[in-house]
Amino acid sequence: MARPFDLRLALSPLLFLVTLVIAFVAWFTAFIGQAVTEAQSDIARGSAVGVGWFAIFLELFLIVGVVITLGTDSIAASRFQLAAFLAVALVFSVSLTNTSIYSTLRSQQAIGAGYLLLSFVNIIWLLYFTTEADTLLAHLFSLTSAPPPPATSFSATGGKRTSSTNGFASKPARASSVRSGYDSHSHSHHLDGGLASTYGGTTVGGASAVGGPNGYAVGGAGPGAQSLGGPPSSHATGTHVNEPLMAGAGPEEDLPKARALYAYTASADDPNEISFAKGEVMLVLDSSGKWWRVKKMDGKQDEGIAPSNYLAMA
């Protein structure tokens, strides 16, 4: 669910404060120029502006869309739609600049000047909304206090996000067979002299154990067999296991903490994501990759994944 609209979020980054002012001035200049040109033209010959009317309202739609996206902190959910429309608008603005700015009519020159400024704004916004995390452009944009675009992934198989070929970062999956608070990454445990590697089930001395009801191992037997289906203290053949599965896990006060550099609203398309406010401090359960698994320190203690470039170790 998107946050309530807050105009301060849209105007606080210097990048968008400047470009939005330029965009509004340029849009009104081009709009008034088109209206005057249309009024001075011969109606019998049809519209003197033609496709310019579509372009001018497309630009208005984009300006309003950018303000709403920033004001509701929904960049992650809307950035690709905005980028697509910005690319189309850039084609129109460059074309109308070329056909109008060299005219001898003042109204046509106003149209050309307006679309010239809109072209520069479209380029800046297009670069921002298509820039990936940890790139030079992302660092340059961050100097203007603009929140960095979070890393995203398009592909999903079996509920697990995977890396796509365009450089987008993958999100860690929440394993359904692991209880809340335990990591789904693979770990190794020495049990009765045998090496157990966990991948949603446990192999001990060559025997596979899959979690069954009440934490008893099903489908395999062996000394030190461990089940992931039950609580942290799992009953299995020959061994009583009482250690957490997440590497380095311990009391919450021993876990590292991260502070949110920017506010972030979880995507409605991914229930694993977590929302947080700027300045909020959270526990870091897993800091591997570009998406960290964090846990809130409030009464609800919600847990989820968050883009690492929105966080800094506290």
# chains A, B, ... in the order shown; residues from 1 in each chain; ligands from 1
>>> residues_around(residues="Val64 of chain A", least_positions_apart="2", cutoff="12 Å", atoms="only C-alpha atoms", output="list of chain:residue names")
A:Leu7, A:Ala10, A:Leu20, A:Ala23, A:Phe24, A:Trp27, A:Phe57, A:Leu58, A:Glu59, A:Leu60, A:Phe61, A:Leu62, A:Val66, A:Val67, A:Ile68, A:Thr69, A:Leu70, A:Gly71, A:Leu82
>>> write_last_selection(atoms="N, CA, C and O atoms", output="tab-separated table (two decimals), in the first residue's frame")
chain	number	residue	atom	x	y	z
A	7	LEU	N	3.90	16.30	-0.13
A	7	LEU	CA	4.58	17.13	-1.12
A	7	LEU	C	6.04	17.36	-0.75
A	7	LEU	O	6.89	17.55	-1.63
A	10	ALA	N	8.49	15.13	-2.48
A	10	ALA	CA	8.74	15.44	-3.88
A	10	ALA	C	9.67	16.63	-4.05
A	10	ALA	O	10.44	16.70	-5.02
A	20	LEU	N	11.47	20.14	-11.49
A	20	LEU	CA	10.02	20.35	-11.50
A	20	LEU	C	9.67	21.80	-11.77
A	20	LEU	O	8.71	22.10	-12.51
A	23	ALA	N	10.27	22.29	-15.42
A	23	ALA	CA	9.25	21.58	-16.20
A	23	ALA	C	7.93	22.35	-16.22
A	23	ALA	O	7.29	22.46	-17.28
A	24	PHE	N	7.50	22.88	-15.08
A	24	PHE	CA	6.24	23.63	-15.03
A	24	PHE	C	6.34	24.90	-15.88
A	24	PHE	O	5.41	25.23	-16.64
A	27	TRP	N	6.41	23.89	-19.54
A	27	TRP	CA	5.12	23.39	-20.01
A	27	TRP	C	4.16	24.53	-20.29
A	27	TRP	O	3.50	24.55	-21.33
A	57	PHE	N	-0.06	17.32	-23.46
A	57	PHE	CA	-0.78	16.67	-22.37
A	57	PHE	C	-0.04	15.43	-21.86
A	57	PHE	O	-0.19	15.05	-20.70
A	58	LEU	N	0.75	14.82	-22.71
A	58	LEU	CA	1.63	13.73	-22.24
A	58	LEU	C	2.66	14.28	-21.25
A	58	LEU	O	2.93	13.66	-20.22
A	59	GLU	N	3.22	15.45	-21.57
A	59	GLU	CA	4.17	16.07	-20.65
A	59	GLU	C	3.50	16.44	-19.33
A	59	GLU	O	4.10	16.26	-18.26
A	60	LEU	N	2.27	16.93	-19.38
A	60	LEU	CA	1.55	17.26	-18.15
A	60	LEU	C	1.31	16.00	-17.32
A	60	LEU	O	1.48	16.01	-16.08
A	61	PHE	N	0.93	14.92	-17.97
A	61	PHE	CA	0.73	13.65	-17.29
A	61	PHE	C	2.01	13.19	-16.60
A	61	PHE	O	1.99	12.71	-15.46
A	62	LEU	N	3.15	13.36	-17.26
A	62	LEU	CA	4.43	12.93	-16.68
A	62	LEU	C	4.83	13.81	-15.50
A	62	LEU	O	5.33	13.30	-14.49
A	66	VAL	N	5.30	12.21	-11.86
A	66	VAL	CA	6.56	12.25	-11.10
A	66	VAL	C	6.31	12.83	-9.71
A	66	VAL	O	6.84	12.31	-8.71
A	67	VAL	N	5.50	13.88	-9.62
A	67	VAL	CA	5.19	14.48	-8.31
A	67	VAL	C	4.48	13.47	-7.42
A	67	VAL	O	4.83	13.31	-6.23
A	68	ILE	N	3.50	12.75	-7.95
A	68	ILE	CA	2.77	11.76	-7.16
A	68	ILE	C	3.68	10.61	-6.75
A	68	ILE	O	3.65	10.13	-5.61
A	69	THR	N	4.52	10.15	-7.67
A	69	THR	CA	5.43	9.04	-7.37
A	69	THR	C	6.39	9.41	-6.24
A	69	THR	O	6.62	8.62	-5.32
A	70	LEU	N	6.95	10.60	-6.30
A	70	LEU	CA	7.87	11.03	-5.25
A	70	LEU	C	7.13	11.31	-3.95
A	70	LEU	O	7.60	10.95	-2.87
A	71	GLY	N	5.96	11.92	-4.06
A	71	GLY	CA	5.21	12.28	-2.86
A	71	GLY	C	4.65	11.09	-2.10
A	71	GLY	O	4.40	11.18	-0.90
A	82	LEU	N	7.09	5.05	-15.67
A	82	LEU	CA	7.48	6.43	-15.94
A	82	LEU	C	8.59	6.49	-16.99
A	82	LEU	O	8.57	7.35	-17.87
>>> select_by_dssp(residues="segment 43-131 of chain A", states="alpha helix (DSSP H)", output="JSON, numbers by chain")
{"A": [52, 53, 54, 55, 56, 57, 58, 59, 60, 61, 62, 63, 64, 65, 66, 67, 68, 69, 70, 71, 75, 76, 77, 78, 79, 80, 81, 82, 83, 84, 85, 86, 87, 88, 89, 90, 91, 92, 93, 94, 95, 96, 97, 98, 99, 100, 106, 107, 108, 109, 110, 111, 112, 113, 114, 115, 116, 117, 118, 119, 120, 121, 122, 123, 124, 125, 126, 127, 128, 129, 130]}
>>> atom_distance(atom1="atom CA of Tyr310 of chain A", atom2="atom CA of Pro13 of chain A")
15.1 Å
>>> closest_residue(among="A:Ile305, A:Leu255, A:Leu105, A:Leu116", to="Val284 of chain A", atoms="only C-alpha atoms")
A:Leu255
>>> atom_distance(atom1="atom CA of Phe141 of chain A", atom2="atom CA of Tyr128 of chain A")
7.3 Å
>>> atom_distance(atom1="atom CA of Ser103 of chain A", atom2="atom CA of Thr37 of chain A")
11.5 Å
>>> decode(residues="segment 276-292 of chain A", atoms="all heavy atoms", output="PDB file, in the first residue's frame")
ATOM      1  N   PHE A 276       9.768   0.998   5.733  1.00  0.00           N
ATOM      2  CA  PHE A 276      10.377   1.635   6.893  1.00  0.00           C
ATOM      3  C   PHE A 276      10.495   3.131   6.638  1.00  0.00           C
ATOM      4  O   PHE A 276      10.432   3.599   5.492  1.00  0.00           O
ATOM      5  CB  PHE A 276      11.759   1.038   7.195  1.00  0.00           C
ATOM      6  CG  PHE A 276      12.663   0.915   6.000  1.00  0.00           C
ATOM      7  CD1 PHE A 276      13.444   1.982   5.575  1.00  0.00           C
ATOM      8  CD2 PHE A 276      12.745  -0.284   5.296  1.00  0.00           C
ATOM      9  CE1 PHE A 276      14.272   1.871   4.487  1.00  0.00           C
ATOM     10  CE2 PHE A 276      13.580  -0.408   4.203  1.00  0.00           C
ATOM     11  CZ  PHE A 276      14.348   0.678   3.793  1.00  0.00           C
ATOM     12  N   ALA A 277      10.654   3.873   7.711  1.00  0.00           N
ATOM     13  CA  ALA A 277      10.756   5.324   7.642  1.00  0.00           C
ATOM     14  C   ALA A 277      12.210   5.754   7.672  1.00  0.00           C
ATOM     15  O   ALA A 277      13.094   5.014   8.126  1.00  0.00           O
ATOM     16  CB  ALA A 277       9.996   5.957   8.803  1.00  0.00           C
ATOM     17  N   LYS A 278      12.488   6.954   7.195  1.00  0.00           N
ATOM     18  CA  LYS A 278      13.835   7.493   7.218  1.00  0.00           C
ATOM     19  C   LYS A 278      14.299   7.638   8.666  1.00  0.00           C
ATOM     20  O   LYS A 278      13.568   8.130   9.519  1.00  0.00           O
ATOM     21  CB  LYS A 278      13.870   8.849   6.522  1.00  0.00           C
ATOM     22  CG  LYS A 278      15.256   9.481   6.478  1.00  0.00           C
ATOM     23  CD  LYS A 278      15.243  10.802   5.735  1.00  0.00           C
ATOM     24  CE  LYS A 278      16.625  11.444   5.698  1.00  0.00           C
ATOM     25  NZ  LYS A 278      16.614  12.736   4.975  1.00  0.00           N
ATOM     26  N   GLY A 279      15.508   7.162   8.944  1.00  0.00           N
ATOM     27  CA  GLY A 279      16.061   7.242  10.283  1.00  0.00           C
ATOM     28  C   GLY A 279      15.721   6.070  11.182  1.00  0.00           C
ATOM     29  O   GLY A 279      16.255   5.965  12.291  1.00  0.00           O
ATOM     30  N   GLU A 280      14.854   5.167  10.723  1.00  0.00           N
ATOM     31  CA  GLU A 280      14.464   4.024  11.552  1.00  0.00           C
ATOM     32  C   GLU A 280      15.628   3.036  11.692  1.00  0.00           C
ATOM     33  O   GLU A 280      16.353   2.760  10.738  1.00  0.00           O
ATOM     34  CB  GLU A 280      13.256   3.324  10.936  1.00  0.00           C
ATOM     35  CG  GLU A 280      12.692   2.200  11.783  1.00  0.00           C
ATOM     36  CD  GLU A 280      11.393   1.647  11.213  1.00  0.00           C
ATOM     37  OE1 GLU A 280      10.868   2.228  10.240  1.00  0.00           O
ATOM     38  OE2 GLU A 280      10.909   0.635  11.745  1.00  0.00           O
ATOM     39  N   VAL A 281      15.814   2.496  12.887  1.00  0.00           N
ATOM     40  CA  VAL A 281      16.878   1.533  13.163  1.00  0.00           C
ATOM     41  C   VAL A 281      16.279   0.132  13.227  1.00  0.00           C
ATOM     42  O   VAL A 281      15.258  -0.083  13.902  1.00  0.00           O
ATOM     43  CB  VAL A 281      17.600   1.865  14.484  1.00  0.00           C
ATOM     44  CG1 VAL A 281      18.662   0.822  14.791  1.00  0.00           C
ATOM     45  CG2 VAL A 281      18.223   3.250  14.411  1.00  0.00           C
ATOM     46  N   MET A 282      16.904  -0.818  12.531  1.00  0.00           N
ATOM     47  CA  MET A 282      16.407  -2.190  12.460  1.00  0.00           C
ATOM     48  C   MET A 282      17.542  -3.176  12.680  1.00  0.00           C
ATOM     49  O   MET A 282      18.717  -2.847  12.472  1.00  0.00           O
ATOM     50  CB  MET A 282      15.745  -2.445  11.096  1.00  0.00           C
ATOM     51  CG  MET A 282      14.508  -1.605  10.830  1.00  0.00           C
ATOM     52  SD  MET A 282      13.935  -1.735   9.114  1.00  0.00           S
ATOM     53  CE  MET A 282      15.179  -0.748   8.272  1.00  0.00           C
ATOM     54  N   LEU A 283      17.185  -4.377  13.086  1.00  0.00           N
ATOM     55  CA  LEU A 283      18.160  -5.454  13.237  1.00  0.00           C
ATOM     56  C   LEU A 283      18.458  -6.070  11.882  1.00  0.00           C
ATOM     57  O   LEU A 283      17.561  -6.279  11.071  1.00  0.00           O
ATOM     58  CB  LEU A 283      17.617  -6.532  14.178  1.00  0.00           C
ATOM     59  CG  LEU A 283      17.324  -6.106  15.621  1.00  0.00           C
ATOM     60  CD1 LEU A 283      16.607  -7.229  16.359  1.00  0.00           C
ATOM     61  CD2 LEU A 283      18.603  -5.726  16.338  1.00  0.00           C
ATOM     62  N   VAL A 284      19.709  -6.381  11.626  1.00  0.00           N
ATOM     63  CA  VAL A 284      20.129  -6.984  10.363  1.00  0.00           C
ATOM     64  C   VAL A 284      20.306  -8.483  10.576  1.00  0.00           C
ATOM     65  O   VAL A 284      21.198  -8.917  11.312  1.00  0.00           O
ATOM     66  CB  VAL A 284      21.433  -6.356   9.853  1.00  0.00           C
ATOM     67  CG1 VAL A 284      21.860  -7.027   8.546  1.00  0.00           C
ATOM     68  CG2 VAL A 284      21.268  -4.865   9.652  1.00  0.00           C
ATOM     69  N   LEU A 285      19.456  -9.281   9.936  1.00  0.00           N
ATOM     70  CA  LEU A 285      19.530 -10.730  10.040  1.00  0.00           C
ATOM     71  C   LEU A 285      20.436 -11.336   8.976  1.00  0.00           C
ATOM     72  O   LEU A 285      21.038 -12.376   9.183  1.00  0.00           O
ATOM     73  CB  LEU A 285      18.127 -11.333   9.928  1.00  0.00           C
ATOM     74  CG  LEU A 285      17.082 -10.834  10.938  1.00  0.00           C
ATOM     75  CD1 LEU A 285      15.749 -11.519  10.685  1.00  0.00           C
ATOM     76  CD2 LEU A 285      17.549 -11.060  12.357  1.00  0.00           C
ATOM     77  N   ASP A 286      20.496 -10.683   7.809  1.00  0.00           N
ATOM     78  CA  ASP A 286      21.314 -11.194   6.708  1.00  0.00           C
ATOM     79  C   ASP A 286      21.734 -10.007   5.860  1.00  0.00           C
ATOM     80  O   ASP A 286      20.881  -9.319   5.294  1.00  0.00           O
ATOM     81  CB  ASP A 286      20.511 -12.207   5.885  1.00  0.00           C
ATOM     82  CG  ASP A 286      21.333 -12.798   4.745  1.00  0.00           C
ATOM     83  OD1 ASP A 286      22.537 -12.494   4.676  1.00  0.00           O
ATOM     84  OD2 ASP A 286      20.773 -13.559   3.938  1.00  0.00           O
ATOM     85  N   SER A 287      23.022  -9.763   5.759  1.00  0.00           N
ATOM     86  CA  SER A 287      23.523  -8.610   5.001  1.00  0.00           C
ATOM     87  C   SER A 287      24.251  -9.023   3.734  1.00  0.00           C
ATOM     88  O   SER A 287      25.047  -8.264   3.199  1.00  0.00           O
ATOM     89  CB  SER A 287      24.461  -7.768   5.883  1.00  0.00           C
ATOM     90  OG  SER A 287      25.556  -8.544   6.331  1.00  0.00           O
ATOM     91  N   SER A 288      23.995 -10.231   3.243  1.00  0.00           N
ATOM     92  CA  SER A 288      24.625 -10.682   2.005  1.00  0.00           C
ATOM     93  C   SER A 288      23.789 -10.235   0.818  1.00  0.00           C
ATOM     94  O   SER A 288      22.566 -10.303   0.844  1.00  0.00           O
ATOM     95  CB  SER A 288      24.774 -12.208   2.004  1.00  0.00           C
ATOM     96  OG  SER A 288      23.505 -12.835   2.096  1.00  0.00           O
ATOM     97  N   GLY A 289      24.433  -9.752  -0.238  1.00  0.00           N
ATOM     98  CA  GLY A 289      23.724  -9.336  -1.431  1.00  0.00           C
ATOM     99  C   GLY A 289      23.226  -7.903  -1.329  1.00  0.00           C
ATOM    100  O   GLY A 289      23.502  -7.180  -0.370  1.00  0.00           O
ATOM    101  N   LYS A 290      22.480  -7.487  -2.338  1.00  0.00           N
ATOM    102  CA  LYS A 290      21.974  -6.119  -2.398  1.00  0.00           C
ATOM    103  C   LYS A 290      20.638  -5.951  -1.694  1.00  0.00           C
ATOM    104  O   LYS A 290      20.131  -4.840  -1.580  1.00  0.00           O
ATOM    105  CB  LYS A 290      21.855  -5.674  -3.857  1.00  0.00           C
ATOM    106  CG  LYS A 290      23.200  -5.565  -4.563  1.00  0.00           C
ATOM    107  CD  LYS A 290      23.063  -5.008  -5.963  1.00  0.00           C
ATOM    108  CE  LYS A 290      24.427  -4.840  -6.622  1.00  0.00           C
ATOM    109  NZ  LYS A 290      24.319  -4.284  -7.988  1.00  0.00           N
ATOM    110  N   TRP A 291      20.046  -7.050  -1.269  1.00  0.00           N
ATOM    111  CA  TRP A 291      18.811  -6.987  -0.473  1.00  0.00           C
ATOM    112  C   TRP A 291      19.099  -7.643   0.870  1.00  0.00           C
ATOM    113  O   TRP A 291      19.479  -8.810   0.931  1.00  0.00           O
ATOM    114  CB  TRP A 291      17.658  -7.709  -1.198  1.00  0.00           C
ATOM    115  CG  TRP A 291      17.130  -6.909  -2.353  1.00  0.00           C
ATOM    116  CD1 TRP A 291      17.635  -6.860  -3.618  1.00  0.00           C
ATOM    117  CD2 TRP A 291      15.995  -6.045  -2.341  1.00  0.00           C
ATOM    118  NE1 TRP A 291      16.892  -6.018  -4.391  1.00  0.00           N
ATOM    119  CE2 TRP A 291      15.870  -5.502  -3.648  1.00  0.00           C
ATOM    120  CE3 TRP A 291      15.062  -5.685  -1.364  1.00  0.00           C
ATOM    121  CZ2 TRP A 291      14.862  -4.606  -3.984  1.00  0.00           C
ATOM    122  CZ3 TRP A 291      14.056  -4.789  -1.707  1.00  0.00           C
ATOM    123  CH2 TRP A 291      13.959  -4.261  -3.004  1.00  0.00           C
ATOM    124  N   TRP A 292      18.950  -6.875   1.948  1.00  0.00           N
ATOM    125  CA  TRP A 292      19.222  -7.380   3.286  1.00  0.00           C
ATOM    126  C   TRP A 292      17.922  -7.816   3.953  1.00  0.00           C
ATOM    127  O   TRP A 292      16.865  -7.214   3.726  1.00  0.00           O
ATOM    128  CB  TRP A 292      19.860  -6.296   4.146  1.00  0.00           C
ATOM    129  CG  TRP A 292      21.243  -5.909   3.716  1.00  0.00           C
ATOM    130  CD1 TRP A 292      21.963  -6.438   2.680  1.00  0.00           C
ATOM    131  CD2 TRP A 292      22.064  -4.895   4.304  1.00  0.00           C
ATOM    132  NE1 TRP A 292      23.183  -5.829   2.582  1.00  0.00           N
ATOM    133  CE2 TRP A 292      23.276  -4.878   3.577  1.00  0.00           C
ATOM    134  CE3 TRP A 292      21.897  -4.021   5.371  1.00  0.00           C
ATOM    135  CZ2 TRP A 292      24.301  -3.995   3.876  1.00  0.00           C
ATOM    136  CZ3 TRP A 292      22.922  -3.147   5.684  1.00  0.00           C
ATOM    137  CH2 TRP A 292      24.119  -3.128   4.946  1.00  0.00           C
TER     138      TRP A 292
END
